[in-house]
>>> print(open('start09.cif').read())   # mmCIF, C-alpha atoms and all ligand atoms
data_model
loop_
_atom_site.label_atom_id
_atom_site.label_comp_id
_atom_site.auth_asym_id
_atom_site.auth_seq_id
_atom_site.Cartn_x
_atom_site.Cartn_y
_atom_site.Cartn_z
CA MET K 13 86.58 96.15 124.64
CA ALA K 14 88.37 95.73 121.31
CA ARG K 15 91.34 93.39 121.29
CA SER K 16 93.72 96.15 120.26
CA GLU K 17 93.01 97.95 123.57
CA LEU K 18 94.19 94.85 125.44
CA ASN K 19 97.00 94.04 123.10
CA THR K 20 100.13 94.92 125.00
CA ASN K 21 102.26 92.65 122.80
CA ARG K 22 101.45 94.77 119.74
CA SER K 23 100.57 91.73 117.67
CA THR K 24 98.05 92.28 114.91
CA VAL K 25 95.44 89.88 113.58
CA THR K 26 94.78 90.59 109.90
CA LEU K 27 91.86 88.90 108.18
CA HIS K 28 92.97 88.50 104.57
CA VAL K 29 90.70 86.94 101.97
CA VAL K 30 89.99 87.05 98.27
CA SER K 31 86.37 87.88 97.48
CA SER K 32 84.22 88.09 94.39
CA LEU K 33 82.47 91.38 93.65
CA ASP K 34 79.28 89.91 95.10
CA GLY K 35 80.91 88.83 98.37
CA PHE K 36 81.69 85.14 97.87
CA ILE K 37 85.03 83.59 98.84
CA ALA K 38 84.51 80.10 97.40
CA ARG K 39 82.35 78.26 94.92
CA HIS K 40 80.30 75.40 96.34
CA ASP K 41 82.42 72.94 94.33
CA ASN K 42 85.62 74.55 95.76
CA SER K 43 87.01 75.35 92.30
CA VAL K 44 89.33 78.36 92.29
CA SER K 45 89.65 79.30 88.60
CA TRP K 46 87.59 82.46 89.29
CA MET K 47 90.65 83.85 91.09
CA ASP K 48 92.87 83.56 88.00
CA ILE K 49 93.26 86.89 86.30
CA SER K 50 96.06 88.10 84.10
CA GLY K 51 96.90 90.79 81.60
CA GLU K 52 96.89 94.50 82.16
CA VAL K 53 93.37 95.88 82.08
CA TYR K 54 93.85 98.87 84.37
CA GLU K 55 96.58 101.20 83.22
CA ARG K 56 96.78 103.25 86.40
CA GLY K 57 97.06 100.14 88.58
CA VAL K 58 100.22 98.80 90.23
CA SER K 59 101.94 95.50 89.48
CA GLU K 60 101.89 92.61 91.95
CA ALA K 61 105.66 92.75 92.37
CA GLY K 62 105.46 93.89 96.03
CA ALA K 63 103.46 90.83 97.14
CA GLU K 64 106.56 88.85 98.17
CA GLU K 65 107.53 91.53 100.67
CA VAL K 66 104.07 91.37 102.28
CA VAL K 67 104.21 87.57 102.49
CA SER K 68 107.70 87.53 103.99
CA ALA K 69 106.48 89.80 106.83
CA ILE K 70 103.79 87.32 107.92
CA ASP K 71 104.73 85.52 111.16
CA CYS K 72 101.94 82.95 111.26
CA TYR K 73 98.78 81.85 109.47
CA VAL K 74 95.51 80.74 111.10
CA LEU K 75 93.19 78.46 109.14
CA GLY K 76 89.90 76.65 109.68
CA SER K 77 90.13 72.91 109.07
CA ARG K 78 88.23 73.02 105.77
CA THR K 79 90.60 75.66 104.42
CA TYR K 80 93.50 73.52 105.61
CA GLU K 81 92.18 70.44 103.79
CA HIS K 82 91.61 72.45 100.64
CA ALA K 83 95.11 73.98 100.84
CA LEU K 84 96.60 70.47 101.03
CA GLU K 85 94.64 69.47 97.91
CA LEU K 86 95.70 72.57 95.97
CA GLY K 87 99.39 72.43 96.97
CA TRP K 88 100.52 73.97 100.24
CA PRO K 89 100.90 77.77 99.75
CA TYR K 90 102.21 78.66 103.23
CA ALA K 91 105.77 77.30 102.88
CA ASP K 92 107.36 76.75 106.34
CA THR K 93 105.67 79.68 108.04
CA PRO K 94 104.05 78.53 111.31
CA THR K 95 100.40 77.65 110.63
CA ILE K 96 97.70 77.03 113.22
CA VAL K 97 94.73 74.94 112.12
CA VAL K 98 91.57 75.26 114.21
CA THR K 99 89.71 71.95 114.44
CA SER K 100 87.88 69.75 116.91
CA ARG K 101 89.00 66.66 114.98
CA GLU K 102 92.18 64.60 115.18
CA LEU K 103 93.67 65.49 111.81
CA PRO K 104 96.82 63.83 110.46
CA SER K 105 99.91 65.97 110.92
CA THR K 106 101.36 66.80 107.51
CA ARG K 107 104.13 69.31 108.14
CA THR K 108 106.27 70.34 111.11
CA SER K 109 105.16 73.97 110.67
CA VAL K 110 101.50 73.03 111.31
CA GLU K 111 99.94 73.00 114.79
CA PHE K 112 96.36 72.06 115.57
CA TYR K 113 94.19 73.92 118.05
CA SER K 114 90.82 73.20 119.56
CA GLY K 115 89.13 75.41 122.11
CA ASP K 116 88.54 79.04 122.97
CA LEU K 117 89.61 81.36 120.13
CA LYS K 118 90.30 84.35 122.39
CA GLN K 119 92.68 82.20 124.42
CA LEU K 120 94.27 81.04 121.19
CA VAL K 121 95.04 84.63 120.17
CA ASP K 122 95.88 86.14 123.56
CA GLU K 123 97.78 83.26 125.16
CA ARG K 124 99.20 81.19 122.35
CA LEU K 125 99.70 83.48 119.35
CA ALA K 126 100.24 87.05 120.58
CA PRO K 127 103.23 86.17 122.81
CA ARG K 128 104.97 84.44 119.87
CA PHE K 129 103.91 86.26 116.71
CA GLY K 130 103.58 89.91 115.69
CA ASN K 131 101.95 89.68 112.29
CA ILE K 132 99.17 87.06 112.47
CA TRP K 133 97.21 86.35 109.29
CA LEU K 134 93.74 84.86 109.48
CA VAL K 135 93.30 83.19 106.12
CA GLY K 136 89.79 81.81 106.44
CA GLY K 137 87.51 80.26 105.67
CA ALA K 138 84.21 81.97 106.22
CA MET K 139 83.27 80.03 109.35
CA LEU K 140 86.51 80.80 111.19
CA CYS K 141 86.54 84.46 110.05
CA GLN K 142 82.98 84.92 111.30
CA SER K 143 83.94 83.46 114.70
CA PHE K 144 86.95 85.80 114.95
CA LEU K 145 84.81 88.82 113.97
CA ARG K 146 82.05 87.95 116.45
CA LEU K 147 84.65 87.74 119.24
CA GLY K 148 86.30 91.04 118.26
CA LEU K 149 89.62 89.32 117.55
CA VAL K 150 90.33 90.99 114.18
CA ASP K 151 92.43 94.18 114.07
CA GLU K 152 92.61 94.63 110.29
CA ILE K 153 90.61 93.46 107.28
CA ARG K 154 92.34 93.15 103.92
CA LEU K 155 89.91 92.27 101.20
CA ALA K 156 91.14 91.48 97.69
CA VAL K 157 88.13 92.00 95.42
CA MET K 158 88.21 90.09 92.13
CA PRO K 159 86.40 91.50 89.09
CA VAL K 160 83.87 88.67 88.89
CA LEU K 161 80.29 88.06 89.99
CA LEU K 162 79.94 84.43 91.10
CA GLY K 163 76.21 84.50 91.76
CA ASP K 164 76.44 81.76 94.38
CA GLY K 165 78.92 80.22 96.81
CA LEU K 166 80.26 80.69 100.32
CA ARG K 167 79.63 84.16 101.77
CA LEU K 168 82.41 85.71 103.84
CA PHE K 169 80.24 87.87 106.07
CA ALA K 170 77.06 85.74 106.15
CA ASN K 171 76.69 85.36 109.90
CA SER K 172 78.96 87.96 111.45
CA SER K 173 75.85 89.26 113.22
CA ILE K 174 77.15 92.32 115.05
CA GLU K 175 77.67 95.81 113.58
CA THR K 176 81.24 97.08 113.82
CA ARG K 177 82.79 100.17 112.24
CA TRP K 178 86.00 100.01 110.24
CA ARG K 179 88.32 102.78 109.12
CA LEU K 180 89.65 102.72 105.55
CA LYS K 181 93.47 102.54 105.68
CA ASP K 182 94.43 101.89 102.10
CA VAL K 183 93.14 101.10 98.62
CA VAL K 184 95.42 99.53 96.03
CA ALA K 185 94.25 98.87 92.49
CA TYR K 186 96.25 96.35 90.48
CA LYS K 187 96.93 96.35 86.77
CA THR K 188 95.29 92.94 86.46
CA GLY K 189 91.99 94.39 87.67
CA PHE K 190 91.60 93.44 91.30
CA VAL K 191 91.44 95.92 94.15
CA GLU K 192 92.73 95.45 97.69
CA LEU K 193 90.84 97.28 100.42
CA SER K 194 92.46 97.59 103.86
CA TYR K 195 90.55 98.56 106.97
CA GLY K 196 91.48 98.98 110.62
CA ARG K 197 89.04 98.56 113.46
CA GLU K 198 87.59 101.84 114.70
CA SER K 199 88.68 102.36 118.28
CA GLY K 200 85.85 101.50 120.66
CA SER K 201 83.95 99.31 118.17
N1 LIG P 301 88.86 83.24 98.90
C1 LIG P 301 89.68 83.11 99.93
O1 LIG P 301 90.53 83.98 100.18
C2 LIG P 301 89.55 81.93 100.84
C3 LIG P 301 90.30 81.90 102.01
C4 LIG P 301 90.18 80.79 102.84
C5 LIG P 301 89.33 79.77 102.50
N2 LIG P 301 88.61 79.83 101.36
C6 LIG P 301 87.70 78.73 101.01
O2 LIG P 301 86.70 78.65 102.01
C7 LIG P 301 86.25 77.28 102.10
C8 LIG P 301 86.33 76.82 103.55
O3 LIG P 301 85.64 77.73 104.37
P1 LIG P 301 84.57 77.22 105.46
O4 LIG P 301 83.89 78.41 106.02
O5 LIG P 301 83.73 76.15 104.83
O6 LIG P 301 85.46 76.47 106.53
P2 LIG P 301 86.72 76.92 107.46
O7 LIG P 301 86.40 78.17 108.21
O8 LIG P 301 87.97 76.85 106.67
O9 LIG P 301 86.76 75.67 108.46
C9 LIG P 301 85.66 75.41 109.28
C10 LIG P 301 86.08 74.35 110.28
O10 LIG P 301 87.08 74.90 111.14
C11 LIG P 301 86.87 74.40 112.44
N3 LIG P 301 86.45 75.50 113.30
C12 LIG P 301 86.00 76.71 112.94
N4 LIG P 301 85.75 77.48 114.01
C13 LIG P 301 86.07 76.73 115.05
C14 LIG P 301 86.06 76.95 116.44
N5 LIG P 301 85.64 78.10 116.95
N6 LIG P 301 86.46 75.94 117.24
C15 LIG P 301 86.86 74.77 116.72
N7 LIG P 301 86.91 74.51 115.40
C16 LIG P 301 86.50 75.47 114.60
C17 LIG P 301 85.77 73.36 112.35
O11 LIG P 301 86.48 72.17 111.99
P3 LIG P 301 86.25 70.70 112.53
O12 LIG P 301 84.98 70.26 111.86
O13 LIG P 301 87.47 70.02 112.03
O14 LIG P 301 86.13 70.78 114.02
C18 LIG P 301 84.96 73.86 111.18
O15 LIG P 301 84.21 72.86 110.55
C19 LIG P 301 87.17 76.48 101.18
O16 LIG P 301 86.54 76.32 99.95
C20 LIG P 301 88.37 77.37 101.03
O17 LIG P 301 89.08 77.13 99.84
C21 LIG P 301 88.71 80.88 100.51
#
>>> encode(input="start09.cif", output="structure tokens", more="lines below")
Ligand SMILES: NC(=O)c1ccc[n+]([C@@H]2O[C@H](COP(=O)([O-])OP(=O)(O)OC[C@H]3O[C@@H](n4cnc5c(N)ncnc54)[C@H](OP(=O)(O)O)[C@@H]3O)[C@@H](O)[C@H]2O)c1
Amino acid sequence: MARSELNTNRSTVTLHVVSSLDGFIARHDNSVSWMDISGEVYERGVSEAGAEEVVSAIDCYVLGSRTYEHALELGWPYADTPTIVVTSRELPSTRTSVEFYSGDLKQLVDERLAPRFGNIWLVGGAMLCQSFLRLGLVDEIRLAVMPVLLGDGLRLFANSSIETRWRLKDVVAYKTGFVELSYGRESGS
């Protein structure tokens, strides 16, 4: 049974990642310059001005520990929004908004997150997203596709293993040349 059928609290888990055209979400060396695009290459696209509104509606972020460590290196992008880091290790606590979690991911969502948060954003990385997808814990997928072929790197959907159907909810093309695809889980899948 899909999570949304059980979800009486009406919380939503949205998997949101930035992908290359060929399906990679990170280079092996972790460099992120491939995500930098600017200028106006697509006249009919929209500007990124509405992004702040989307971010302010996010109630909590969920990160795998490698994504967490990388975010600390890059400069924390999640401000004071509650952030749950999934890890089996004892990691040093860096901010009061960060909680660590180890254990069953379905329990994490149903018992710890859904009662507290409505708009839950699963940030990545690939390993944690694949676990969430395998367990049917994702309600929406928002994929920002960058106009670049990386050729190699970390694949988002490498080991998701099971077939699930998704319904296209929205497509937004930006002036800078990236496209955001939004999908909702098909009921029953
Ligand atoms: N393009 C994007 O939008 C985007 C988004 C996010 C991340 N990234 C990139 O992706 C890379 C990291 O991704 P990744 O796939 O290597 O790692 P990840 O998913 O961020 O983290 C994996 C780690 O999370 C913990 N973990 C995952 N599932 C768990 C579970 N079920 N139970 C307990 N712990 C679990 C484990 O940590 P422990 O070993 O600590 O137990 C595991 O080693 C980074 O380069 C990051 O910058 C890109």
>>> axis_aligned_box(input="start09.cif", around="ligand LIG 301 (chain P)", padding_each_side="8 Å", output="JSON")
{"center_x": 87.1, "center_y": 77.0, "center_z": 108.1, "size_x": 22.8, "size_y": 30.0, "size_z": 34.3}
>>> residues_near_ligand(input="start09.cif", ligand="ligand LIG 301 (chain P)", cutoff="8 Å", atoms="all atoms listed in the file", output="ChimeraX atom specification")
/K:28-31,36-44,75-80,82-83,97-103,113-117,135-141,143,156,166,168
>>> write_last_selection(input="start09.cif", atoms="C-alpha atoms", output="compact mmCIF listing (two decimals), in the frame of the given file")
# COMPACT_ATOMS: atom_id res chain seq x y z
CA HIS K 28 92.97 88.50 104.57
CA VAL K 29 90.70 86.94 101.97
CA VAL K 30 89.99 87.05 98.27
CA SER K 31 86.37 87.88 97.48
CA PHE K 36 81.69 85.14 97.87
CA ILE K 37 85.03 83.59 98.84
CA ALA K 38 84.51 80.10 97.40
CA ARG K 39 82.35 78.26 94.92
CA HIS K 40 80.30 75.40 96.34
CA ASP K 41 82.42 72.94 94.33
CA ASN K 42 85.62 74.55 95.76
CA SER K 43 87.01 75.35 92.30
CA VAL K 44 89.33 78.36 92.29
CA LEU K 75 93.19 78.46 109.14
CA GLY K 76 89.90 76.65 109.68
CA SER K 77 90.13 72.91 109.07
CA ARG K 78 88.23 73.02 105.77
CA THR K 79 90.60 75.66 104.42
CA TYR K 80 93.50 73.52 105.61
CA HIS K 82 91.61 72.45 100.64
CA ALA K 83 95.11 73.98 100.84
CA VAL K 97 94.73 74.94 112.12
CA VAL K 98 91.57 75.26 114.21
CA THR K 99 89.71 71.95 114.44
CA SER K 100 87.88 69.75 116.91
CA ARG K 101 89.00 66.66 114.98
CA GLU K 102 92.18 64.60 115.18
CA LEU K 103 93.67 65.49 111.81
CA TYR K 113 94.19 73.92 118.05
CA SER K 114 90.82 73.20 119.56
CA GLY K 115 89.13 75.41 122.11
CA ASP K 116 88.54 79.04 122.97
CA LEU K 117 89.61 81.36 120.13
CA VAL K 135 93.30 83.19 106.12
CA GLY K 136 89.79 81.81 106.44
CA GLY K 137 87.51 80.26 105.67
CA ALA K 138 84.21 81.97 106.22
CA MET K 139 83.27 80.03 109.35
CA LEU K 140 86.51 80.80 111.19
CA CYS K 141 86.54 84.46 110.05
CA SER K 143 83.94 83.46 114.70
CA ALA K 156 91.14 91.48 97.69
CA LEU K 166 80.26 80.69 100.32
CA LEU K 168 82.41 85.71 103.84
>>> atom_distance(input="start09.cif", atom1="CA of Arg107 (chain K)", atom2="CA of Leu86 (chain K)")
15.2 Å
>>> closest_atom_pairs(input="start09.cif", of="region 113-183 of chain K", to="region 55-70 of chain K", cutoff="7 Å", atoms="all atoms listed in the file", output="JSON lines")
{"residue": "K:Asn131", "atom": "CA", "partner": "K:Ile70", "partner_atom": "CA", "distance": 5.3}
{"residue": "K:Ile132", "atom": "CA", "partner": "K:Ile70", "partner_atom": "CA", "distance": 6.5}
{"residue": "K:Trp133", "atom": "CA", "partner": "K:Ile70", "partner_atom": "CA", "distance": 6.8}
>>> write_last_selection(input="start09.cif", atoms="C-alpha atoms", output="PDB file, in the coordinates of the input")
ATOM      1  CA  ASN K 131     101.950  89.680 112.290  1.00  0.00           C
ATOM      2  CA  ILE K 132      99.170  87.060 112.470  1.00  0.00           C
ATOM      3  CA  TRP K 133      97.210  86.350 109.290  1.00  0.00           C
TER       4      TRP K 133
END
>>> atom_distance(input="start09.cif", atom1="CA of Asp71 (chain K)", atom2="CA of Phe129 (chain K)")
5.7 Å
>>> closest_residue(input="start09.cif", among="K:Ser109, K:Arg146, K:Pro104, K:Gly196", to="Tyr90 (chain K)", atoms="all atoms listed in the file")
K:Ser109
>>> closest_residue(input="start09.cif", among="K:Pro159, K:Val191, K:Arg197, K:Phe144", to="Asn171 (chain K)", atoms="only C-alpha atoms")
K:Phe144
>>> atom_distance(input="start09.cif", atom1="CA of Leu193 (chain K)", atom2="CA of Arg179 (chain K)")
10.6 Å
>>> closest_residue(input="start09.cif", among="K:Ser50, K:Thr188, K:Thr24, K:Thr176", to="Val121 (chain K)", atoms="all atoms listed in the file")
K:Thr24
>>> closest_residue(input="start09.cif", among="K:Leu120, K:Ser199, K:Arg167, K:Ile96", to="Leu147 (chain K)", atoms="all atoms listed in the file")
K:Leu120
>>> closest_residue(input="start09.cif", among="K:Glu85, K:Glu123, K:Leu162, K:Cys72", to="Ser45 (chain K)", atoms="all atoms listed in the file")
K:Leu162
>>> decode(input="start09.cif", residues="region 142-169 of chain K", atoms="C-alpha atoms", output="mmCIF file, in the first residue's frame")
data_model
loop_
_atom_site.group_PDB
_atom_site.id
_atom_site.type_symbol
_atom_site.label_atom_id
_atom_site.label_comp_id
_atom_site.auth_asym_id
_atom_site.auth_seq_id
_atom_site.Cartn_x
_atom_site.Cartn_y
_atom_site.Cartn_z
ATOM 1 C CA GLN K 142 16.819 4.816 -3.297
ATOM 2 C CA SER K 143 15.953 3.480 0.178
ATOM 3 C CA PHE K 144 12.938 5.806 0.414
ATOM 4 C CA LEU K 145 11.758 4.796 -3.081
ATOM 5 C CA ARG K 146 12.165 1.068 -2.388
ATOM 6 C CA LEU K 147 10.051 1.450 0.768
ATOM 7 C CA GLY K 148 7.337 3.466 -1.013
ATOM 8 C CA LEU K 149 7.916 6.485 1.231
ATOM 9 C CA VAL K 150 8.028 9.132 -1.521
ATOM 10 C CA ASP K 151 4.821 10.981 -2.478
ATOM 11 C CA GLU K 152 6.279 13.421 -5.006
ATOM 12 C CA ILE K 153 9.396 13.606 -7.165
ATOM 13 C CA ARG K 154 10.725 17.003 -8.215
ATOM 14 C CA LEU K 155 13.622 16.682 -10.582
ATOM 15 C CA ALA K 156 15.564 19.756 -11.676
ATOM 16 C CA VAL K 157 17.319 18.743 -14.901
ATOM 17 C CA MET K 158 20.455 20.732 -15.753
ATOM 18 C CA PRO K 159 21.471 21.177 -19.396
ATOM 19 C CA VAL K 160 24.698 19.187 -19.062
ATOM 20 C CA LEU K 161 25.861 15.645 -19.792
ATOM 21 C CA LEU K 162 28.324 14.585 -17.078
ATOM 22 C CA GLY K 163 29.224 11.208 -18.565
ATOM 23 C CA ASP K 164 30.019 9.718 -15.163
ATOM 24 C CA GLY K 165 29.177 10.176 -11.484
ATOM 25 C CA LEU K 166 26.594 9.141 -8.926
ATOM 26 C CA ARG K 167 23.327 7.882 -10.435
ATOM 27 C CA LEU K 168 20.106 8.897 -8.702
ATOM 28 C CA PHE K 169 18.026 5.889 -9.697
#
